[in-house]
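Participant: Sharing a structure below in C-alpha cells format, with a few things to ask.
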Amino acid sequence: MDVGPRIRLARARAHMSLRDLAGRVGVSATAISKFERGVTSPRQSTLLALARSLSVGTEFFFREVQVETLQAAYRKHSTLGSHTQRSIEASIKEVVERHLIAEEYGPAVAECDLTQVDVGSLDEAEDAAALLREQWHLGTGPIEDLCGQLENAGVKVIPLDAGATFDGYACWVNGSVPVIAFSSERAGDRQRFDLAHELGHLRMQVHRIDAEAAASRFAAAFLIPAAAAKAELGARRSRLSFEELRLLKARYGVSMQAWIRRAFDLGIIDREVYTSLFRQMSSWGWRKDEPGEVRPEQPTRLFMVVHQALAEGRIAPSEAARLLQDAAPRAAQWPTASDLMRAAAHMASIYAGSPDLVEFSGDELD
C-alpha cells in the first residue's frame, strides 16, 4: 500500500514543512518528499519515527482512504495563510474519516437534510433560514443544542483549535457530506453564531450580494426568528435595556450585540437607537467582553456512535480509543456557575410568588 498520501495528510495537519518533518525524523527533506510521492517507501524504523513525529499511530498510514475530495462552501480565509488553511483542511479530513469509519459499525446514519437554495438578497437569506427551521421542525423558539441539531441533520461538526484568527469553515466532503468546523476556543455565544453562519454557507448559493453578509443574516434569522424577536422585544421600541438583552442572551445563546443588530435589521429599533446602544457598550468595554456566559457547543455524534458499537461488541476497546481520540464531551457541558445562579434566581421567584410556600413557618420547614 502506498503510504505517501497518508504521510502528506498527517504532515499538513501537523502544520510541518518537509524540512521540519525531516529534522524530527532524522532523514533528508528529499527523502520525505520521495515517501509522499510514492517514489520510495520508508523502512519500518523510519515509519515509527514518522508516526511519533506526526503524533499518529502507525496504523494511520495504512488506513483506507475515506475522504476523496473536500470542497469549501465559501473561500474566505485568506487571512489564515495557505499553510494554516491546509492544516485545517487536513484536520477536517482526518476527523471526518474517523466519523465515516465509526459509522460502518454503528446504526444507520440520517441522510443529509440540507438542500441548497439560491439567494439573491438579504431578505431571501432570511427566508432560507426560516424555511430550514421549518424543514427541521425547530419551531420559532431557542435552539438549545445547536451541534445536536446539525448532527441530527447529517452535518459532521468538528471543533478545532486553529488559532485566534479561525472562526469557522464549511465544506462538502466527497461531494455529499456537509461539514462544519468551528473554533473550540471561542465563547459559547460566538461559537453558536459561527456555526449558524457556516450553515448559511452550506445552505445558500449566493448571487449578486456579499456572501458573508448573506451568511450573517442567515445566522441571525436561524438563531432568532423574526417572530421570536418581535414576541420578545415588541414590534417597535424606542429603547432597549441591557438587562433584557442579557436575559435574552442566556435564553437564546446569542450575544447582546447580535440581539441589537437583529432588532435593527427587523425595524424594531432605528439607527439612532442602534448606534447609541453600541456606543454605550464600547464605552464599557463590552464590545470585546460583554457580560453573561453561554455554555460552549460540543458535538457528541462520534462519541455516541463509537460507544454504541463498543457496547454491542462490534469493535474492540483499542479501536474505540483510536476512533475517539479527543471526541469525548468536555466538562464544559456541565452547568456553569452562571447557569446555576440563573436557575436559583428562577426558583426563588417561583417560591416568592407562591402563598402556599412563603407562609410556611420555621417549625413547618423543620
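Going by the C-alpha cells order, chains are called A, B, ..., each with residues numbered from 1, while ligands are numbered from 1 in the order shown.
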Can you list, as a list in words, every residue of segment 128-323 of chain A that DSSP puts in strand (DSSP E)?

Facilitator: Lys156, Val157, Ile158, Pro159, Leu160, Gly168, Tyr169, Ala170, Cys171, Trp172, Val173, Val177, Pro178, Val179, Ile180, Ala181, Phe182, Ser183, Met204, Gln205 and Val206 of chain A

Participant: For Glu59 of chain A, find every residue with an atom within 12 Å (counting only C-alpha atoms), except residues of its own chain fewer than 6 positions away, and show them as an MDAnalysis selection string.

Facilitator: chainID A and resid 1 3 6:7 47:48 50:51 318:319 322:323

Participant: Store the residues picked out above, limited to C-alpha atoms, as a PDB file, in the first residue's frame.

Facilitator:
ATOM      1  CA  MET A   1       0.000   0.000   0.000  1.00  0.00           C
ATOM      2  CA  VAL A   3       1.580   5.392   2.397  1.00  0.00           C
ATOM      3  CA  ARG A   6      -1.209   9.478   4.377  1.00  0.00           C
ATOM      4  CA  ILE A   7       2.190  10.947   5.306  1.00  0.00           C
ATOM      5  CA  LEU A  47       7.814   4.724   9.708  1.00  0.00           C
ATOM      6  CA  LEU A  48       7.834   4.518  13.506  1.00  0.00           C
ATOM      7  CA  LEU A  50       7.276   9.390  11.276  1.00  0.00           C
ATOM      8  CA  ALA A  51       4.385   8.235  13.466  1.00  0.00           C
ATOM      9  CA  SER A 318      -8.443  -0.225  21.328  1.00  0.00           C
ATOM     10  CA  GLU A 319     -10.277   0.582  18.095  1.00  0.00           C
ATOM     11  CA  ARG A 322      -8.340   5.232  18.202  1.00  0.00           C
ATOM     12  CA  LEU A 323     -11.576   6.474  16.635  1.00  0.00           C
TER      13      LEU A 323
END

Participant: Nearest residue to Glu243 of chain A out of A:Pro107, A:Gly292, A:Gly4, A:Gly313, using only C-alpha atoms?

Facilitator: A:Gly292

Participant: Show me, as an mmCIF file with N, CA and C atoms, in the first residue's frame, the residues that have an atom within 6 Å of segment 212-223 of chain A when counting only C-alpha atoms, minus same-chain residues fewer than 5 positions from it.

Facilitator:
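Saved the output as around-v6.cif:
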data_model
loop_
_atom_site.group_PDB
_atom_site.id
_atom_site.type_symbol
_atom_site.label_atom_id
_atom_site.label_comp_id
_atom_site.auth_asym_id
_atom_site.auth_seq_id
_atom_site.Cartn_x
_atom_site.Cartn_y
_atom_site.Cartn_z
ATOM 1 N N LEU A 122 -30.746 39.903 0.985
ATOM 2 C CA LEU A 122 -30.734 39.585 2.410
ATOM 3 C C LEU A 122 -32.094 39.069 2.869
ATOM 4 N N ALA A 125 -32.093 35.504 2.175
ATOM 5 C CA ALA A 125 -31.294 34.791 3.175
ATOM 6 C C ALA A 125 -32.127 34.552 4.424
ATOM 7 N N GLU A 126 -32.909 35.554 4.812
ATOM 8 C CA GLU A 126 -33.817 35.411 5.951
ATOM 9 C C GLU A 126 -34.827 34.302 5.691
ATOM 10 N N ALA A 129 -33.319 30.774 6.013
ATOM 11 C CA ALA A 129 -33.189 30.328 7.402
ATOM 12 C C ALA A 129 -34.527 29.873 7.955
ATOM 13 N N ALA A 196 -23.934 28.758 12.918
ATOM 14 C CA ALA A 196 -25.077 29.140 12.091
ATOM 15 C C ALA A 196 -24.615 29.864 10.824
ATOM 16 N N HIS A 197 -23.567 30.662 10.953
ATOM 17 C CA HIS A 197 -23.003 31.380 9.800
ATOM 18 C C HIS A 197 -22.480 30.377 8.759
ATOM 19 N N GLY A 200 -25.142 28.688 6.940
ATOM 20 C CA GLY A 200 -25.641 29.524 5.867
ATOM 21 C C GLY A 200 -24.849 29.336 4.583
ATOM 22 N N HIS A 201 -23.527 29.210 4.697
ATOM 23 C CA HIS A 201 -22.708 28.983 3.508
ATOM 24 C C HIS A 201 -23.044 27.639 2.857
#

Participant: For segment 171-273 of chain A versus segment 144-156 of chain A, which residues have an atom no more than 7 Å away, and what is each residue's nearest atom pair and distance in Å rounded to one decimal, using only C-alpha atoms, chain-then-number order, as JSON lines?

Facilitator:
{"residue": "A:Pro178", "atom": "CA", "partner": "A:Val155", "partner_atom": "CA", "distance": 5.1}
{"residue": "A:Val179", "atom": "CA", "partner": "A:Lys156", "partner_atom": "CA", "distance": 4.6}
{"residue": "A:Ile180", "atom": "CA", "partner": "A:Lys156", "partner_atom": "CA", "distance": 6.3}
{"residue": "A:Arg192", "atom": "CA", "partner": "A:Leu146", "partner_atom": "CA", "distance": 7.0}

Participant: Those residues with C-alpha atoms, as a CSV table (one decimal), in the first residue's frame please?

Facilitator:
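For reference, again.csv as written:
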chain,number,residue,atom,x,y,z
A,178,PRO,CA,-21.7,18.5,4.7
A,179,VAL,CA,-19.0,19.5,7.3
A,180,ILE,CA,-18.7,22.5,9.6
A,192,ARG,CA,-23.2,29.3,18.0

Participant: Compare A:Pro296, A:Gly106, A:Gly139, A:Gly120 by their minimum atom-to-atom distance to Asp210 of chain A, counting only C-alpha atoms, and give me the closest one.

Facilitator: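 Looking only at the distances to Asp210 of chain A, the closest residue turns out to be A:Gly120.
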
Participant: With only C-alpha atoms as the counted atoms, please give the residues lying no more than 7 Å from segment 251-261 of chain A, apart from itself and same-chain residues fewer than 2 positions off, as number ranges by chain.

Facilitator: A: 142-143, 189, 245-249, 263-265, 274, 294

Participant: Can you pull out the residues contacting Asp20 of chain A? Cut-off 10 Å, using only C-alpha atoms, and skip same-chain residues under 4 positions away; I want them as a list of chain:residue names.

Facilitator: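 What passes the distance filter is A:Arg11, A:His15, A:Met16, A:Arg24, A:Val25, A:Ser28, A:Ala29, A:Ser53.
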
Participant: Could the residues in this selection be written to a file with N, CA and C atoms, as a PDB file, in the first residue's frame?

Facilitator:
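The file below, selection_7.pdb, is the result:
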ATOM      1  N   ARG A  11       1.287  15.322   7.775  1.00  0.00           N
ATOM      2  CA  ARG A  11       2.220  16.457   7.832  1.00  0.00           C
ATOM      3  C   ARG A  11       1.475  17.778   7.700  1.00  0.00           C
ATOM      4  N   HIS A  15       0.968  20.909  10.485  1.00  0.00           N
ATOM      5  CA  HIS A  15       1.490  22.228  10.093  1.00  0.00           C
ATOM      6  C   HIS A  15       3.009  22.196   9.995  1.00  0.00           C
ATOM      7  N   MET A  16       3.554  21.125   9.390  1.00  0.00           N
ATOM      8  CA  MET A  16       5.000  20.971   9.243  1.00  0.00           C
ATOM      9  C   MET A  16       5.405  21.073   7.779  1.00  0.00           C
ATOM     10  N   ARG A  24      12.914  16.179  12.394  1.00  0.00           N
ATOM     11  CA  ARG A  24      12.432  15.374  13.531  1.00  0.00           C
ATOM     12  C   ARG A  24      12.675  13.884  13.319  1.00  0.00           C
ATOM     13  N   VAL A  25      12.555  13.439  12.076  1.00  0.00           N
ATOM     14  CA  VAL A  25      12.682  12.003  11.798  1.00  0.00           C
ATOM     15  C   VAL A  25      14.148  11.597  11.664  1.00  0.00           C
ATOM     16  N   SER A  28      16.533  13.219   5.226  1.00  0.00           N
ATOM     17  CA  SER A  28      16.569  14.449   4.441  1.00  0.00           C
ATOM     18  C   SER A  28      15.158  14.842   4.000  1.00  0.00           C
ATOM     19  N   ALA A  29      15.010  16.120   3.673  1.00  0.00           N
ATOM     20  CA  ALA A  29      13.720  16.588   3.141  1.00  0.00           C
ATOM     21  C   ALA A  29      13.421  15.908   1.815  1.00  0.00           C
ATOM     22  N   SER A  53       6.695  11.552  15.253  1.00  0.00           N
ATOM     23  CA  SER A  53       6.855  12.970  14.922  1.00  0.00           C
ATOM     24  C   SER A  53       5.528  13.623  14.545  1.00  0.00           C
TER      25      SER A  53
END

Participant: What does the structure give for the distance between atom CA of Pro299 of chain A and atom CA of Pro159 of chain A, in Å to one decimal?

Facilitator: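 Atom CA of Pro159 of chain A lies at a distance of 7.8 Å from atom CA of Pro299 of chain A.
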
Participant: Any chance you could list, as JSON, numbers by chain, the residues in segment 248-280 of chain A that come up helix (DSSP H, G or I) when DSSP is run on the backbone?

Facilitator: {"A": [248, 249, 250, 251, 252, 256, 257, 258, 259, 260, 261, 262, 263, 264, 265, 271, 272, 273, 274, 275, 276, 277, 278, 279, 280]}

Participant: Which of these, A:Ala22, A:Cys112, A:Val117, A:Ala162, has the shortest distance to Thr84 of chain A once you count only C-alpha atoms?

Facilitator: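 With only C-alpha atoms as the atom set, the closest residue is A:Ala162.
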
Participant: Could you tell me how far atom CA of Asp113 of chain A sits from atom CA of Glu134 of chain A, in Å to one decimal place?

Facilitator: 12.0 Å

Participant: With a distance cut-off of 7 Å and only C-alpha atoms, select the neighbouring residues of segment 301-309 of chain A, excluding the residue or stretch itself and same-chain residues fewer than 3 positions from it, and output the selection as a short mmCIF file (atom, residue, chain, number, x, y, z; two decimals) with N, CA and C atoms, in the first residue's frame.

Facilitator:
data_model
loop_
_atom_site.label_atom_id
_atom_site.label_comp_id
_atom_site.auth_asym_id
_atom_site.auth_seq_id
_atom_site.Cartn_x
_atom_site.Cartn_y
_atom_site.Cartn_z
N HIS A 99 -15.19 9.59 11.53
CA HIS A 99 -16.65 9.52 11.53
C HIS A 99 -17.14 8.43 10.58
N ALA A 102 -16.35 4.93 11.86
CA ALA A 102 -17.20 4.57 13.00
C ALA A 102 -18.61 4.25 12.55
N GLU A 103 -19.11 4.97 11.56
CA GLU A 103 -20.48 4.76 11.12
C GLU A 103 -20.67 3.41 10.42
N TYR A 105 -19.72 0.73 11.75
CA TYR A 105 -20.02 -0.18 12.85
C TYR A 105 -21.33 0.16 13.55
N GLY A 106 -21.79 1.38 13.40
CA GLY A 106 -22.93 1.85 14.17
C GLY A 106 -24.25 1.72 13.44
N GLU A 151 -25.98 17.76 13.79
CA GLU A 151 -25.60 16.36 13.63
C GLU A 151 -26.80 15.48 13.29
N GLU A 312 -22.14 -3.01 21.78
CA GLU A 312 -22.66 -4.15 21.03
C GLU A 312 -21.57 -5.15 20.66
N GLY A 313 -20.32 -4.86 21.02
CA GLY A 313 -19.22 -5.77 20.73
C GLY A 313 -18.78 -5.77 19.29
N ARG A 314 -19.12 -4.70 18.54
CA ARG A 314 -18.73 -4.63 17.14
C ARG A 314 -17.29 -4.17 16.95
N ILE A 315 -16.75 -3.47 17.95
CA ILE A 315 -15.36 -3.02 17.88
C ILE A 315 -14.69 -3.29 19.22
N ALA A 320 -11.95 1.61 19.54
CA ALA A 320 -12.79 2.71 20.01
C ALA A 320 -11.94 3.90 20.43
N LEU A 324 -12.02 7.64 18.72
CA LEU A 324 -12.48 8.78 19.51
C LEU A 324 -11.41 9.85 19.66
N ALA A 327 -12.62 13.12 21.11
CA ALA A 327 -14.03 13.40 20.83
C ALA A 327 -14.94 13.31 22.05
N ALA A 328 -14.40 12.93 23.22
CA ALA A 328 -15.24 12.81 24.41
C ALA A 328 -15.80 14.18 24.82
#

Participant: Name the closest residue to Ile158 of chain A among the candidates A:Ala170, A:Ile209, A:Leu233, A:Ala31; distances are taken between atoms, counting only C-alpha atoms.

Facilitator: A:Ala170

Participant: Record the distance separating atom CA of Arg239 of chain A and atom CA of Arg190 of chain A, expressed in Å with one decimal.

Facilitator: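 These two atoms are separated by 24.5 Å.
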